[in-house]
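Input: a single structure, listed below in structure tokens.
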Amino acid sequence: MNWDDLRIIAAVRDEGSYAGASARLRIDETTVGRRLSRIERALGLRLFEAADGLRRPTRQCEAVLAHVEAMATHAAEIGRLSESVEGPVGRLRIASTNTVAEAVLSPRASDFLRANPGLTLQFLTSSENVKFSRWEADLAIRLRKPDKGDFAISRLGDIKLYYVEPVMTEGEPMLCAYPDELGAIPEMQFLRTKKARARCVTDNVRVIRNLVRAHQAAGVLPEYVCADLLGDRRLRATLLPKRRDAWLLVQNHLKRDPATRVTIDWVRACFQEMARE
């Protein structure tokens with residue numbers, strides 16, 4: 001049973017004949033009869049009776065038509081949705097690390113969503129890269145330039161990095177580092193110059209921040225995570241000469257989609273605003 005077949009029931013009731021329904025729906029009269037017979041077999045009901053040269057709906061048909069009319073109302077309301085929502089309409093999946101979603105995007109998401117009532121954002125947060133080839137996300141933000149692939153790549157900007165350590169502590173502060181597989185990032189390149197054994201290893205920037213904030217550990221943190229620590233007089237922050245680049249990946253088939261375009265502009269604005277703070 002499908003919507004096209006159900007529309008035929010209403011057309012026959014309104015027009016009183018197969019011929020009338022055929023003209024209204026612009027389909028062959030024999031097709032009208034064949035589809036009605038199919039519905040009657042599926043339901044085990046007789047839908048129409050012939051009386052005075054017209055097709056009169058049975059009591060069971062009237063019950064079916066009540067549901068058909070409700071469905072027609074809902075279908076019309078769906079068709080009017082685009083008229084009631086201003087701006088682009090769509091659902092965008094944005095993949096990023098937890099800290100980018102928490103510190104860069106989500107604080108600025110409320111205003112963006114209020115300004116674009118037709119948009120829905122789904123944040124996919126993980127330390128693992130999504131597989132764009134499998135369409136696991138529509139947009140992705142990465143802190144390392146990705147290999148070339150079937151997606152559009154553009155640079156969002158760079159991120160300041162700080163080595164934050166306690167000013168005074170008994171003995172050497174505990175060194176926090178990132179996993180070996182992240183050895184090529186500027187944070188790890190700097191930490192290797194410290195010639196000290198890492199006592200805490202994690203890919204979660206928030207974990208390192210919490211240890212540093214306790215004034216017993218040292219680590220390299222992006223500015224958007226440690227901005228509130230820079231004014232702590234019990235901590236010393238050293239700006240690293242190298243910065244992290246942020247990159248935006250977009251599925252090629254979405255580059256010209258209006259909802260995607262306005263979301264891309266918003267992501268860029270988020271990073272530009274962060275750089276000015």
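In the structure tokens, the first chain shown is A, the next is B, and so on; residue numbers restart at 1 for each chain, and ligands run from 1 in the order shown.
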Find the spatial neighbours of Leu65 in chain A, counting only C-alpha atoms, within a cut-off of 10 Å - ignore same-chain residues fewer than 5 positions away - and output them as an mmCIF file with all heavy atoms, in the first residue's frame.
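Just written: result32.cif:
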data_model
loop_
_atom_site.group_PDB
_atom_site.id
_atom_site.type_symbol
_atom_site.label_atom_id
_atom_site.label_comp_id
_atom_site.auth_asym_id
_atom_site.auth_seq_id
_atom_site.Cartn_x
_atom_site.Cartn_y
_atom_site.Cartn_z
ATOM 1 N N LEU A 6 -3.650 5.252 -2.162
ATOM 2 C CA LEU A 6 -4.638 5.785 -1.219
ATOM 3 C C LEU A 6 -5.309 7.040 -1.765
ATOM 4 O O LEU A 6 -6.490 7.296 -1.517
ATOM 5 C CB LEU A 6 -3.967 6.077 0.118
ATOM 6 C CG LEU A 6 -3.435 4.843 0.869
ATOM 7 C CD1 LEU A 6 -2.679 5.271 2.119
ATOM 8 C CD2 LEU A 6 -4.581 3.901 1.246
ATOM 9 N N ARG A 7 -4.582 7.822 -2.533
ATOM 10 C CA ARG A 7 -5.176 9.018 -3.154
ATOM 11 C C ARG A 7 -6.276 8.641 -4.132
ATOM 12 O O ARG A 7 -7.239 9.394 -4.321
ATOM 13 C CB ARG A 7 -4.092 9.825 -3.879
ATOM 14 C CG ARG A 7 -3.140 10.527 -2.937
ATOM 15 C CD ARG A 7 -1.971 11.165 -3.691
ATOM 16 N NE ARG A 7 -2.395 12.164 -4.667
ATOM 17 C CZ ARG A 7 -2.148 12.106 -5.959
ATOM 18 N NH1 ARG A 7 -1.448 11.092 -6.456
ATOM 19 N NH2 ARG A 7 -2.570 13.046 -6.771
ATOM 20 N N ILE A 9 -8.463 6.248 -3.770
ATOM 21 C CA ILE A 9 -9.707 6.020 -3.015
ATOM 22 C C ILE A 9 -10.446 7.342 -2.833
ATOM 23 O O ILE A 9 -11.658 7.434 -3.067
ATOM 24 C CB ILE A 9 -9.402 5.386 -1.643
ATOM 25 C CG1 ILE A 9 -8.650 4.075 -1.810
ATOM 26 C CG2 ILE A 9 -10.686 5.177 -0.856
ATOM 27 C CD1 ILE A 9 -8.215 3.441 -0.496
ATOM 28 N N ALA A 10 -9.718 8.381 -2.425
ATOM 29 C CA ALA A 10 -10.352 9.683 -2.216
ATOM 30 C C ALA A 10 -10.887 10.258 -3.521
ATOM 31 O O ALA A 10 -11.977 10.858 -3.554
ATOM 32 C CB ALA A 10 -9.357 10.641 -1.582
ATOM 33 N N ARG A 13 -14.125 8.503 -4.472
ATOM 34 C CA ARG A 13 -15.217 8.974 -3.608
ATOM 35 C C ARG A 13 -15.697 10.363 -4.035
ATOM 36 O O ARG A 13 -16.893 10.629 -4.120
ATOM 37 C CB ARG A 13 -14.720 8.991 -2.166
ATOM 38 C CG ARG A 13 -15.783 9.290 -1.076
ATOM 39 C CD ARG A 13 -15.978 10.779 -0.811
ATOM 40 N NE ARG A 13 -14.746 11.502 -0.596
ATOM 41 C CZ ARG A 13 -14.155 11.657 0.598
ATOM 42 N NH1 ARG A 13 -14.698 11.134 1.670
ATOM 43 N NH2 ARG A 13 -13.036 12.362 0.681
ATOM 44 N N LEU A 47 -14.520 -1.587 -0.922
ATOM 45 C CA LEU A 47 -14.461 -0.150 -0.718
ATOM 46 C C LEU A 47 -15.619 0.607 -1.352
ATOM 47 O O LEU A 47 -16.069 1.622 -0.802
ATOM 48 C CB LEU A 47 -13.130 0.391 -1.259
ATOM 49 C CG LEU A 47 -11.861 -0.118 -0.558
ATOM 50 C CD1 LEU A 47 -10.622 0.409 -1.251
ATOM 51 C CD2 LEU A 47 -11.861 0.286 0.910
ATOM 52 N N PRO A 57 -19.016 4.943 -1.540
ATOM 53 C CA PRO A 57 -18.109 4.313 -0.568
ATOM 54 C C PRO A 57 -18.880 3.496 0.468
ATOM 55 O O PRO A 57 -19.962 3.902 0.910
ATOM 56 C CB PRO A 57 -17.400 5.502 0.091
ATOM 57 C CG PRO A 57 -18.333 6.658 -0.100
ATOM 58 C CD PRO A 57 -19.032 6.411 -1.406
ATOM 59 N N ARG A 59 -19.191 1.553 4.273
ATOM 60 C CA ARG A 59 -18.900 2.015 5.626
ATOM 61 C C ARG A 59 -17.422 1.812 5.933
ATOM 62 O O ARG A 59 -16.769 2.664 6.552
ATOM 63 C CB ARG A 59 -19.768 1.258 6.626
ATOM 64 C CG ARG A 59 -19.563 1.671 8.074
ATOM 65 C CD ARG A 59 -20.607 1.000 8.958
ATOM 66 N NE ARG A 59 -20.572 -0.449 8.814
ATOM 67 C CZ ARG A 59 -19.732 -1.231 9.508
ATOM 68 N NH1 ARG A 59 -18.878 -0.698 10.367
ATOM 69 N NH2 ARG A 59 -19.754 -2.545 9.349
ATOM 70 N N GLN A 60 -16.872 0.674 5.515
ATOM 71 C CA GLN A 60 -15.440 0.421 5.745
ATOM 72 C C GLN A 60 -14.570 1.420 4.969
ATOM 73 O O GLN A 60 -13.537 1.870 5.446
ATOM 74 C CB GLN A 60 -15.081 -1.011 5.332
ATOM 75 C CG GLN A 60 -15.717 -2.088 6.192
ATOM 76 C CD GLN A 60 -17.054 -2.530 5.635
ATOM 77 O OE1 GLN A 60 -17.671 -1.822 4.825
ATOM 78 N NE2 GLN A 60 -17.502 -3.711 6.060
ATOM 79 N N ALA A 70 -6.555 12.538 6.865
ATOM 80 C CA ALA A 70 -5.574 12.985 7.851
ATOM 81 C C ALA A 70 -4.175 12.982 7.251
ATOM 82 O O ALA A 70 -3.378 13.918 7.467
ATOM 83 C CB ALA A 70 -5.623 12.099 9.087
ATOM 84 N N MET A 71 -3.867 11.942 6.455
ATOM 85 C CA MET A 71 -2.566 11.867 5.799
ATOM 86 C C MET A 71 -2.398 13.002 4.804
ATOM 87 O O MET A 71 -1.323 13.595 4.675
ATOM 88 C CB MET A 71 -2.402 10.511 5.109
ATOM 89 C CG MET A 71 -2.321 9.342 6.074
ATOM 90 S SD MET A 71 -2.401 7.736 5.236
ATOM 91 C CE MET A 71 -0.913 7.770 4.264
#
Residues near Ser126 in chain A, cut-off 7 Å, only C-alpha atoms, skip fewer than 6 positions along chain, as a VMD selection string
chain A and resid 96 to 98
Save the residues we just selected, N, CA and C atoms, as a compact mmCIF listing (two decimals), in the first residue's frame?
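Output below, filename again_19.txt:
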# COMPACT_ATOMS: atom_id res chain seq x y z
N SER A 96 34.64 16.95 15.14
CA SER A 96 35.79 17.67 15.67
C SER A 96 36.25 16.98 16.94
N THR A 97 37.36 17.48 17.50
CA THR A 97 37.77 16.99 18.81
C THR A 97 36.80 17.52 19.86
N ASN A 98 36.83 16.89 21.03
CA ASN A 98 35.96 17.33 22.11
C ASN A 98 36.20 18.80 22.46
Write out as JSON, numbers by chain which residues come within 9 Å of range 30-40 of chain A when counting only C-alpha atoms, dropping same-chain ones fewer than 2 positions away.
{"A": [1, 5, 6, 8, 9, 12, 18, 19, 21, 22, 27, 28, 42, 43, 44, 45, 46, 47]}
According to DSSP computed on the backbone, where in range 1-131 of chain A is there helix (DSSP H, G or I)? Give the residues as a PyMOL selection string.
chain A and resi 3-15+18-25+29-43+59-79+81-84+98-115
Shell of 10 Å around Leu161 in chain A, only C-alpha atoms, local chain residues under 6 positions omitted, as a list of chain:residue names:
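Close residues of Leu161 in chain A: A:Pro186, A:Glu187, A:Val220, A:Leu221, A:Pro222, A:Glu223, A:Tyr224, A:Val225, A:Cys226, A:Ala237, A:Thr238, A:Leu239, A:Leu240, A:Pro241, A:Lys242, A:Arg243, A:Arg244.
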Residues just named, written with all heavy atoms as a short mmCIF file (atom, residue, chain, number, x, y, z; two decimals), in the first residue's frame:
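selection.cif, written as the output of this step:
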data_model
loop_
_atom_site.label_atom_id
_atom_site.label_comp_id
_atom_site.auth_asym_id
_atom_site.auth_seq_id
_atom_site.Cartn_x
_atom_site.Cartn_y
_atom_site.Cartn_z
N PRO A 186 53.30 20.20 17.05
CA PRO A 186 54.20 21.17 17.70
C PRO A 186 54.28 20.98 19.21
O PRO A 186 55.34 21.22 19.80
CB PRO A 186 53.57 22.52 17.34
CG PRO A 186 52.80 22.27 16.09
CD PRO A 186 52.29 20.87 16.21
N GLU A 187 53.19 20.58 19.85
CA GLU A 187 53.21 20.38 21.29
C GLU A 187 54.27 19.35 21.69
O GLU A 187 55.06 19.57 22.63
CB GLU A 187 51.83 19.91 21.78
CG GLU A 187 50.74 20.96 21.63
CD GLU A 187 49.96 20.80 20.34
OE1 GLU A 187 50.61 20.57 19.29
OE2 GLU A 187 48.72 20.92 20.38
N VAL A 220 51.62 21.51 27.53
CA VAL A 220 51.36 22.44 26.44
C VAL A 220 49.87 22.41 26.13
O VAL A 220 49.29 21.34 25.91
CB VAL A 220 52.17 22.07 25.19
CG1 VAL A 220 51.83 23.04 24.04
CG2 VAL A 220 53.66 22.12 25.48
N LEU A 221 49.26 23.60 26.10
CA LEU A 221 47.82 23.71 25.90
C LEU A 221 47.51 24.74 24.83
O LEU A 221 48.21 25.75 24.71
CB LEU A 221 47.14 24.14 27.20
CG LEU A 221 47.20 23.15 28.37
CD1 LEU A 221 46.75 23.83 29.65
CD2 LEU A 221 46.35 21.93 28.08
N PRO A 222 46.46 24.52 24.04
CA PRO A 222 46.02 25.54 23.09
C PRO A 222 45.41 26.72 23.83
O PRO A 222 44.83 26.56 24.92
CB PRO A 222 44.99 24.81 22.23
CG PRO A 222 44.49 23.70 23.09
CD PRO A 222 45.65 23.28 23.95
N GLU A 223 45.48 27.88 23.23
CA GLU A 223 45.02 29.10 23.91
C GLU A 223 43.55 29.02 24.28
O GLU A 223 43.15 29.50 25.34
CB GLU A 223 45.28 30.31 23.01
CG GLU A 223 44.92 31.64 23.67
CD GLU A 223 45.18 32.82 22.76
OE1 GLU A 223 45.05 32.67 21.54
OE2 GLU A 223 45.54 33.89 23.28
N TYR A 224 42.73 28.43 23.43
CA TYR A 224 41.30 28.42 23.71
C TYR A 224 40.93 27.56 24.91
O TYR A 224 39.82 27.63 25.42
CB TYR A 224 40.48 27.99 22.47
CG TYR A 224 40.80 26.62 21.93
CD1 TYR A 224 40.29 25.46 22.51
CD2 TYR A 224 41.60 26.48 20.80
CE1 TYR A 224 40.57 24.20 21.99
CE2 TYR A 224 41.89 25.24 20.28
CZ TYR A 224 41.37 24.11 20.86
OH TYR A 224 41.66 22.86 20.35
N VAL A 225 41.88 26.74 25.38
CA VAL A 225 41.64 25.92 26.57
C VAL A 225 42.25 26.55 27.81
O VAL A 225 41.72 26.40 28.92
CB VAL A 225 42.20 24.49 26.36
CG1 VAL A 225 42.15 23.70 27.66
CG2 VAL A 225 41.40 23.77 25.28
N CYS A 226 43.37 27.25 27.65
CA CYS A 226 44.09 27.75 28.83
C CYS A 226 44.00 29.26 29.01
O CYS A 226 44.72 29.82 29.85
CB CYS A 226 45.56 27.33 28.76
SG CYS A 226 46.50 28.16 27.45
N ALA A 237 53.35 31.01 31.88
CA ALA A 237 52.97 30.58 30.54
C ALA A 237 53.98 31.08 29.52
O ALA A 237 54.28 32.28 29.48
CB ALA A 237 51.58 31.07 30.19
N THR A 238 54.50 30.17 28.71
CA THR A 238 55.46 30.52 27.67
C THR A 238 54.83 30.25 26.31
O THR A 238 54.40 29.13 26.03
CB THR A 238 56.75 29.68 27.81
OG1 THR A 238 57.30 29.87 29.11
CG2 THR A 238 57.76 30.08 26.75
N LEU A 239 54.76 31.28 25.48
CA LEU A 239 54.19 31.13 24.15
C LEU A 239 55.15 30.37 23.26
O LEU A 239 56.32 30.73 23.12
CB LEU A 239 53.90 32.50 23.53
CG LEU A 239 53.31 32.51 22.12
CD1 LEU A 239 51.94 31.86 22.10
CD2 LEU A 239 53.23 33.94 21.59
N LEU A 240 54.68 29.29 22.65
CA LEU A 240 55.53 28.49 21.77
C LEU A 240 55.73 29.21 20.43
O LEU A 240 54.82 29.89 19.94
CB LEU A 240 54.90 27.12 21.51
CG LEU A 240 55.29 25.99 22.48
CD1 LEU A 240 54.87 26.32 23.90
CD2 LEU A 240 54.67 24.67 22.03
N PRO A 241 56.90 29.05 19.81
CA PRO A 241 57.12 29.70 18.51
C PRO A 241 56.25 29.11 17.40
O PRO A 241 55.91 29.80 16.45
CB PRO A 241 58.61 29.46 18.24
CG PRO A 241 58.98 28.28 19.10
CD PRO A 241 58.12 28.35 20.31
N LYS A 242 55.90 27.84 17.53
CA LYS A 242 55.07 27.20 16.52
C LYS A 242 53.61 27.18 16.97
O LYS A 242 53.32 27.14 18.16
CB LYS A 242 55.55 25.77 16.25
CG LYS A 242 56.87 25.68 15.51
CD LYS A 242 57.17 24.24 15.13
CE LYS A 242 58.45 24.14 14.32
NZ LYS A 242 58.75 22.73 13.94
N ARG A 243 52.73 27.18 15.99
CA ARG A 243 51.31 27.13 16.26
C ARG A 243 50.68 25.92 15.57
O ARG A 243 51.28 25.32 14.69
CB ARG A 243 50.61 28.41 15.80
CG ARG A 243 51.16 29.68 16.45
CD ARG A 243 50.36 30.89 16.03
NE ARG A 243 50.86 32.12 16.65
CZ ARG A 243 50.24 33.28 16.60
NH1 ARG A 243 49.09 33.39 15.94
NH2 ARG A 243 50.74 34.35 17.19
N ARG A 244 49.47 25.59 16.00
CA ARG A 244 48.72 24.52 15.34
C ARG A 244 47.81 25.11 14.29
O ARG A 244 47.14 26.12 14.52
CB ARG A 244 47.85 23.76 16.36
CG ARG A 244 48.59 22.81 17.27
CD ARG A 244 49.10 21.57 16.56
NE ARG A 244 48.09 20.68 16.09
CZ ARG A 244 47.55 19.69 16.84
NH1 ARG A 244 47.91 19.55 18.11
NH2 ARG A 244 46.65 18.88 16.34
#
Please provide as an NGL selection string all residues within 12 Å of Arg192 in chain A, with the sequence filter that same-chain residues fewer than 3 positions apart are discarded (counting only C-alpha atoms).
:A and (175-178 or 180 or 183-189 or 195-198 or 219-220)
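Distances to Asp265 in chain A were evaluated for A:Phe151, A:Trp3, A:Phe48, A:Phe112 using only C-alpha atoms, and the minimum falls at A:Phe112.
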Go through A:Glu29, A:Glu15, A:Asp150, A:Asp203 and flag the residue nearest Gly53 in chain A, using only C-alpha atoms for the distances.
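Using only C-alpha atoms, Gly53 in chain A sits closest to A:Glu15.
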List the neighbours of Leu143 in chain A out to 10 Å using only C-alpha atoms; skip same-chain residues closer than 5 positions along the sequence, and give me the result as a VMD selection string.
chain A and resid 96 to 97 100 155 to 159 185 244 to 248
DSSP says strand (DSSP E or B) for which residues of range 14-250 of chain A? Put them as number ranges by chain?
A: 48-51, 54-57, 90-96, 119-125, 139-142, 151-159, 161-166, 174-177, 198-201, 217-222, 235-239, 244-250
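Atom pair CA of Gly149 in chain A / CA of Gly90 in chain A has a distance of 24.4 Å (rounded to one decimal).
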Can you tell me how far CA of Leu139 in chain A sits from CA of Pro258 in chain A, in Å to one decimal?
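Those two atoms sit 13.9 Å apart.
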Nearest to Trp266 in chain A, chosen from A:Lys160, A:Arg236, A:Arg209, A:Arg108, with only C-alpha atoms counted in the distances:
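The answer is A:Arg108, which sits nearest to Trp266 in chain A.
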Nearest to Arg206 in chain A, chosen from A:Ala259, A:Ala275, A:Leu119, A:Ala103, with only C-alpha atoms counted in the distances
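Once distances to Arg206 in chain A are computed over only C-alpha atoms, the minimum belongs to A:Ala103.
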So, counting only C-alpha atoms, which residue among A:Val164, A:Glu102, A:Glu62, A:Leu249 is closest to Lys148 in chain A?
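Result for the nearest residue to Lys148 in chain A: A:Leu249.
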Of the listed residues A:Pro88, A:Gly231, A:Gly20, A:Pro179, that which approaches Gly118 in chain A most closely, counting only C-alpha atoms:
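Of A:Pro88, A:Gly231, A:Gly20, A:Pro179, the one nearest Gly118 in chain A, counting only C-alpha atoms, is A:Pro88.
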For Asp232 in chain A: contacts at 12 Å, only C-alpha atoms, fewer than 6 positions along chain excluded, given as a PyMOL selection string
chain A and resi 164-167+212-215+226
Selected residues written out with N, CA and C atoms, as an mmCIF file, in the first residue's frame:
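Done, and the output landed in out.cif:
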data_model
loop_
_atom_site.group_PDB
_atom_site.id
_atom_site.type_symbol
_atom_site.label_atom_id
_atom_site.label_comp_id
_atom_site.auth_asym_id
_atom_site.auth_seq_id
_atom_site.Cartn_x
_atom_site.Cartn_y
_atom_site.Cartn_z
ATOM 1 N N VAL A 164 52.559 25.752 29.947
ATOM 2 C CA VAL A 164 52.129 26.303 31.230
ATOM 3 C C VAL A 164 52.698 25.430 32.345
ATOM 4 N N GLU A 165 53.371 26.069 33.296
ATOM 5 C CA GLU A 165 54.016 25.344 34.387
ATOM 6 C C GLU A 165 53.840 26.116 35.689
ATOM 7 N N PRO A 166 53.906 25.440 36.815
ATOM 8 C CA PRO A 166 53.800 26.150 38.094
ATOM 9 C C PRO A 166 55.043 26.990 38.361
ATOM 10 N N VAL A 167 54.851 28.167 38.953
ATOM 11 C CA VAL A 167 55.976 29.049 39.277
ATOM 12 C C VAL A 167 56.802 28.454 40.406
ATOM 13 N N VAL A 212 47.317 20.874 35.214
ATOM 14 C CA VAL A 212 48.084 22.114 35.267
ATOM 15 C C VAL A 212 47.432 23.107 36.220
ATOM 16 N N ARG A 213 46.119 23.175 36.201
ATOM 17 C CA ARG A 213 45.407 24.123 37.051
ATOM 18 C C ARG A 213 45.616 23.840 38.540
ATOM 19 N N ALA A 214 45.974 22.598 38.871
ATOM 20 C CA ALA A 214 46.240 22.240 40.270
ATOM 21 C C ALA A 214 47.617 22.682 40.742
ATOM 22 N N HIS A 215 48.409 23.326 39.845
ATOM 23 C CA HIS A 215 49.720 23.906 40.180
ATOM 24 C C HIS A 215 50.771 22.852 40.546
ATOM 25 N N CYS A 226 43.365 27.249 27.651
ATOM 26 C CA CYS A 226 44.093 27.750 28.827
ATOM 27 C C CYS A 226 43.998 29.255 29.012
#
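Distance-wise, CA of Leu105 in chain A and CA of Val267 in chain A end up 7.3 Å apart.
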